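Chemist: Data file protein.cif (mmCIF, C-alpha atoms) is appended below.
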data_work
#
loop_
_atom_site.label_atom_id
_atom_site.label_comp_id
_atom_site.auth_asym_id
_atom_site.auth_seq_id
_atom_site.Cartn_x
_atom_site.Cartn_y
_atom_site.Cartn_z
CA MET A 1 130.93 184.75 127.22
CA THR A 2 127.62 184.10 125.53
CA GLY A 3 127.37 182.32 122.24
CA PHE A 4 125.62 185.18 120.43
CA GLY A 5 125.84 184.78 116.69
CA LYS A 6 127.13 181.22 116.87
CA ARG A 7 125.41 178.17 115.63
CA PRO A 8 124.06 175.92 118.37
CA ALA A 9 125.78 172.64 118.81
CA PRO A 10 124.12 169.63 117.19
CA GLY A 11 121.66 167.94 119.51
CA ASN A 12 121.17 171.04 121.65
CA THR A 13 118.83 172.88 119.27
CA ALA A 14 115.91 174.36 121.19
CA THR A 15 112.61 174.90 119.49
CA PHE A 16 110.94 178.13 120.47
CA GLY A 17 107.48 177.68 121.99
CA LYS A 18 107.77 173.91 122.56
CA LYS A 19 108.40 172.10 125.77
CA HIS A 20 111.60 170.25 126.09
CA THR A 21 110.93 166.51 126.41
CA THR A 22 113.15 163.82 127.76
CA SER A 23 113.14 160.13 126.93
CA TYR A 24 111.05 157.93 129.30
CA ARG A 25 112.96 155.55 131.42
CA PRO A 26 110.93 152.86 133.22
CA ALA A 27 111.41 152.70 136.94
CA ALA A 28 113.54 149.93 138.22
CA PRO A 29 111.46 147.06 139.68
CA ARG A 30 111.24 147.04 143.41
CA PRO A 31 112.95 144.14 145.11
CA THR A 32 110.54 141.53 146.36
CA ALA A 33 110.27 140.86 150.06
CA GLY A 34 113.08 138.65 151.18
CA ALA A 35 115.02 138.96 147.91
CA ASP A 36 118.10 140.09 149.77
CA MET A 37 117.66 137.30 152.31
CA PRO A 38 120.28 134.55 152.41
CA ASP A 39 119.31 131.29 150.75
CA PHE A 40 119.27 129.23 153.95
CA LEU A 41 116.88 131.73 155.56
CA LYS A 42 114.61 131.63 152.50
CA THR A 43 114.29 127.86 152.78
CA GLU A 44 113.45 127.83 156.46
CA SER A 45 111.04 130.79 156.30
CA SER A 46 109.04 129.38 153.37
CA ALA A 47 108.71 125.88 154.78
CA SER A 48 106.04 125.66 157.49
CA PRO A 49 106.28 122.75 159.96
CA PRO A 50 103.88 119.89 159.23
CA LYS A 51 100.92 119.57 161.50
CA PRO A 52 100.76 116.37 163.55
CA SER A 53 98.34 113.89 162.02
CA ALA A 54 95.57 112.43 164.21
CA SER A 55 94.10 110.09 161.62
CA ILE A 56 93.50 106.43 162.43
CA VAL A 57 95.10 103.82 160.21
CA ALA A 58 93.52 100.36 160.09
CA GLY A 59 95.67 97.25 160.19
CA GLU A 60 94.79 93.60 159.75
CA PRO A 61 91.20 92.35 160.25
CA ILE A 62 90.68 90.62 163.60
CA PHE A 63 88.12 88.19 164.96
CA TRP A 64 88.88 86.35 168.22
CA ARG A 65 89.69 89.46 170.22
CA ARG A 66 86.27 90.81 169.27
CA ILE A 67 84.66 88.28 171.62
CA LEU A 68 86.40 89.89 174.60
CA SER A 69 85.52 93.33 173.26
CA ARG A 70 81.83 92.45 173.03
CA LEU A 71 81.76 91.01 176.55
CA VAL A 72 83.27 94.22 177.93
CA ASP A 73 80.77 96.41 176.08
CA GLU A 74 77.75 94.38 177.18
CA LEU A 75 78.94 94.38 180.79
CA LEU A 76 79.42 98.14 180.64
CA CYS A 77 75.91 98.68 179.24
CA TRP A 78 74.37 96.47 181.94
CA MET A 79 76.26 98.40 184.62
CA ILE A 80 74.88 101.67 183.23
CA LEU A 81 71.37 100.21 183.18
CA LEU A 82 71.68 98.96 186.77
CA VAL A 83 72.23 102.48 188.09
CA PRO A 84 68.59 103.64 187.66
CA PHE A 85 66.87 100.23 187.39
CA GLY A 86 69.01 97.95 189.55
CA SER A 87 66.42 97.23 192.21
CA GLY A 88 63.67 96.53 189.69
CA ILE A 89 65.87 94.18 187.62
CA LEU A 90 67.02 92.21 190.67
CA SER A 91 63.47 91.98 192.03
CA ALA A 92 62.06 90.74 188.71
CA ALA A 93 64.88 88.22 188.32
CA GLY A 94 64.35 86.88 191.86
CA THR A 95 60.61 86.58 191.36
CA TYR A 96 61.04 84.78 188.04
CA ILE A 97 63.37 82.22 189.64
CA GLU A 98 61.33 81.58 192.80
CA ALA A 99 57.77 81.83 191.44
CA PRO A 100 55.97 78.58 190.52
CA ALA A 101 56.10 77.68 186.86
CA GLY A 102 53.12 79.05 184.95
CA SER A 103 52.01 81.33 187.78
CA ALA A 104 50.96 84.94 187.35
CA GLU A 105 53.99 86.09 189.31
CA GLU A 106 56.33 84.33 186.91
CA THR A 107 54.56 85.80 183.89
CA ARG A 108 54.65 89.30 185.36
CA ALA A 109 58.35 88.96 186.17
CA ALA A 110 59.07 87.68 182.66
CA VAL A 111 57.32 90.71 181.16
CA ASP A 112 59.35 93.03 183.38
CA LEU A 113 62.60 91.33 182.39
CA PHE A 114 61.64 91.58 178.73
CA GLY A 115 61.06 95.31 179.15
CA TYR A 116 64.50 95.73 180.72
CA SER A 117 65.97 93.76 177.82
CA ILE A 118 64.41 96.25 175.40
CA LEU A 119 65.94 99.10 177.39
CA PHE A 120 69.30 97.34 177.21
CA TYR A 121 68.91 96.97 173.43
CA PHE A 122 68.30 100.70 172.90
CA LEU A 123 71.08 101.65 175.31
CA SER A 124 73.51 99.30 173.60
CA THR A 125 72.49 100.63 170.17
CA ALA A 126 73.00 104.25 171.20
CA TYR A 127 76.29 103.45 172.94
CA GLY A 128 77.75 101.53 169.99
CA THR A 129 76.55 104.07 167.39
CA ILE A 130 77.92 107.11 169.21
CA MET A 131 81.30 105.53 170.00
CA GLU A 132 81.92 103.91 166.62
CA ALA A 133 80.82 106.98 164.63
CA SER A 134 83.01 109.28 166.74
CA ARG A 135 86.66 110.16 166.13
CA LEU A 136 87.65 107.12 168.20
CA GLN A 137 85.85 104.75 165.80
CA ALA A 138 85.68 102.22 168.63
CA THR A 139 83.75 101.29 171.76
CA VAL A 140 85.44 100.91 175.13
CA GLY A 141 85.85 97.19 174.50
CA LYS A 142 87.48 97.81 171.12
CA LEU A 143 89.79 100.41 172.63
CA MET A 144 90.93 97.85 175.20
CA ILE A 145 91.91 95.32 172.55
CA GLY A 146 93.33 97.89 170.12
CA ALA A 147 90.62 97.57 167.46
CA VAL A 148 88.87 100.11 165.28
CA LEU A 149 85.78 100.11 163.06
CA VAL A 150 86.37 101.09 159.42
CA THR A 151 84.85 100.63 155.99
CA PRO A 152 86.34 98.02 153.63
CA THR A 153 88.36 100.85 152.04
CA GLY A 154 89.81 101.89 155.41
CA GLU A 155 87.72 105.04 155.86
CA LYS A 156 85.82 106.27 158.89
CA PRO A 157 82.28 104.82 158.92
CA LYS A 158 79.29 107.08 158.51
CA ILE A 159 76.84 107.46 161.37
CA TRP A 160 74.15 105.54 159.47
CA GLN A 161 76.56 102.63 159.05
CA ALA A 162 77.29 102.54 162.78
CA LEU A 163 73.55 102.79 163.53
CA LEU A 164 72.65 99.98 161.10
CA ARG A 165 75.40 97.80 162.51
CA ASN A 166 74.37 98.23 166.14
CA SER A 167 70.59 98.14 165.64
CA ILE A 168 69.16 95.91 162.91
CA GLY A 169 72.44 94.16 162.22
CA ARG A 170 73.04 93.29 165.86
CA LEU A 171 69.42 92.18 166.29
CA VAL A 172 69.52 89.86 163.28
CA VAL A 173 72.86 88.34 164.17
CA ASN A 174 71.68 87.58 167.72
CA LEU A 175 68.47 85.94 166.54
CA LEU A 176 70.22 83.43 164.27
CA PRO A 177 70.73 80.00 165.89
CA PHE A 178 74.14 78.72 166.91
CA TYR A 179 75.64 82.20 166.61
CA ALA A 180 75.89 81.61 162.87
CA GLY A 181 75.99 85.34 162.14
CA TYR A 182 79.10 85.71 164.27
CA ALA A 183 80.73 82.40 163.36
CA MET A 184 80.84 83.24 159.65
CA GLY A 185 83.66 85.67 160.43
CA ILE A 186 85.94 82.70 161.21
CA PHE A 187 85.80 81.50 157.62
CA ARG A 188 86.20 84.86 155.88
CA ARG A 189 89.55 86.45 155.11
CA ASP A 190 88.23 89.89 156.05
CA ARG A 191 86.78 88.48 159.33
CA ARG A 192 83.46 90.23 158.70
CA CYS A 193 80.39 88.94 160.50
CA LEU A 194 76.82 89.28 159.28
CA HIS A 195 76.21 92.67 160.91
CA ASP A 196 79.49 93.90 159.38
CA LEU A 197 78.33 92.88 155.91
CA MET A 198 74.93 94.50 156.42
CA SER A 199 76.46 97.84 157.43
CA GLY A 200 79.47 97.83 155.10
CA THR A 201 82.00 97.88 157.93
CA MET A 202 84.79 95.74 159.31
CA VAL A 203 86.84 95.54 162.51
CA CYS A 204 90.61 95.84 162.20
CA SER A 205 93.55 96.38 164.49
CA LYS A 206 94.38 100.02 165.14
CA VAL A 207 97.67 101.36 163.80
CA PRO A 208 98.43 104.94 164.93
CA ALA A 209 99.56 107.18 162.07
CA ALA A 210 103.20 108.32 162.17
CA THR A 211 103.57 111.90 163.38
CA SER A 212 106.46 114.35 163.18
CA SER A 213 107.32 116.39 166.24
CA TYR A 214 108.59 119.96 166.01
CA SER A 215 111.95 118.88 167.42
CA GLU A 216 112.33 116.48 164.50
CA VAL A 217 111.43 119.18 161.96
CA PHE A 218 114.04 121.64 163.20
CA ALA A 219 116.71 119.06 164.04
#
Could you take the file, read its structure, and then write that structure out as structure tokens?

Modeler:
Amino acid sequence: MTGFGKRPAPGNTATFGKKHTTSYRPAAPRPTAGADMPDFLKTESSASPPKPSASIVAGEPIFWRRILSRLVDELLCWMILLVPFGSGILSAAGTYIEAPAGSAEETRAAVDLFGYSILFYFLSTAYGTIMEASRLQATVGKLMIGAVLVTPTGEKPKIWQALLRNSIGRLVVNLLPFYAGYAMGIFRRDRRCLHDLMSGTMVCSKVPAATSSYSEVFA
């Protein structure tokens, strides 16, 4: 039965010619990704495994082992130089020993040996600079004794520091009498020699940084 002639119920009154509006209800927020994930899965999924560290940590300054390191490096450089110039070096050395003192042969041999010494200087400079400014921070001799070149604050040396140390610094320290430039490292607590002070570097024992393996992370 229709409700003709009856009053409409309160709240249901319709207005002729107007659209019926409803109250706005905001949409429920969407659940974030992983919100319904168990807590233990949230922890493991959000934590990424640490990357193994390859940095070099410097230990205590060293001195006496550096003598062995230097001998190894110089022998290695001479061996490299002997590959292309071995016959010329041996011939000049033999002539210098056997030629009469003050003769032209002796002078010529001395000049040749001096030229090979200059080649050795540049080879040694390039070798030391490249190795000590690399990620290894050490020459072959230093690697053998477990040493590394760092700055006084323990950082990796810049290439200009390695170049200054192995060029001008090494030249000056070798020209001083009685190995005074090297010997000063005995009396210093930081064991720095003259070429170390000139370049702002120091030689310390190498301490590998602690690394975490993936098996340890997920143990």

Chemist: Name all residues at most 10 Å from Ile62 of chain A (count only C-alpha atoms; drop same-chain ones fewer than 5 positions away) and give them as a PyMOL selection string.

Modeler: chain A and resi 147-148+185-186+189-192+202-205

Chemist: Counting all atoms listed in the file, which residue out of A:Thr139, A:Gln161, A:Asn174, A:Ser167 sits closest to Gly200 of chain A?

Modeler: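 Ranking A:Thr139, A:Gln161, A:Asn174, A:Ser167 by distance to Gly200 of chain A, first place goes to A:Gln161.
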
Chemist: Just checking: using all atoms listed in the file, which residue out of A:Cys77, A:Ala180, A:Val207, A:Val111 ends up closest to Gly154 of chain A?

Modeler: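 Result for the nearest residue to Gly154 of chain A: A:Val207.
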
Chemist: List, as a ChimeraX atom specification, every residue that the PyMOL selection byres ((chain A and resi 128) around 10) selects in the file provided.

Modeler: /A:73,77,122-127,129-134,137-140,162-163,165-167

Chemist: For atom CA of Ile67 of chain A and atom CA of Tyr121 of chain A, determine how far apart the two atoms are, in Å to one decimal place.

Modeler: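 We find that atom CA of Ile67 of chain A and atom CA of Tyr121 of chain A lie 18.1 Å from each other.
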
Chemist: So what do you get for atom CA of Ala93 of chain A versus atom CA of Ala110 of chain A, distance-wise?

Modeler: 8.1 Å

Chemist: List as a list in words: which residues have an atom within 12 Å of (70.3, 92.5, 187.3), counting all atoms listed in the file?

Modeler: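 Taken together, the residues in range are Leu75, Cys77, Trp78, Met79, Ile80, Leu81, Leu82, Val83, Pro84, Phe85, Gly86, Ser87, Gly88, Ile89, Leu90, Ser91, Ala92, Ala93, Gly94, Asp112, Leu113, Tyr116, Ser117 and Phe120 of chain A.
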
Chemist: Let me make sure I understand: among A:Leu119, A:Leu194, A:Leu68, A:Val150, which one has the smallest atom-to-atom distance to Val173 of chain A if we use only C-alpha atoms?

Modeler: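 Using only C-alpha atoms, Val173 of chain A sits closest to A:Leu194.
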
Chemist: Kindly give the distance, in Å, that separates atom CA of Lys158 of chain A and atom CA of Cys193 of chain A, rounded to a single decimal.

Modeler: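 Atom CA of Cys193 of chain A lies at a distance of 18.3 Å from atom CA of Lys158 of chain A.
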
Chemist: Name the closest residue to Arg170 of chain A among the candidates A:Lys142, A:Lys156, A:Arg108, A:Arg70; distances are taken between atoms, counting only C-alpha atoms.

Modeler: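 Of A:Lys142, A:Lys156, A:Arg108, A:Arg70, the one nearest Arg170 of chain A is A:Arg70, counting only C-alpha atoms.
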
Chemist: Can you find the residues with an atom no farther than 6 Å from (94.7, 105.7, 165.8), counting only C-alpha atoms, and report them as a list in words?

Modeler: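 Applying the cut-off with only C-alpha atoms, one gets Ile56, Val57, Lys206, Val207 and Pro208 of chain A.
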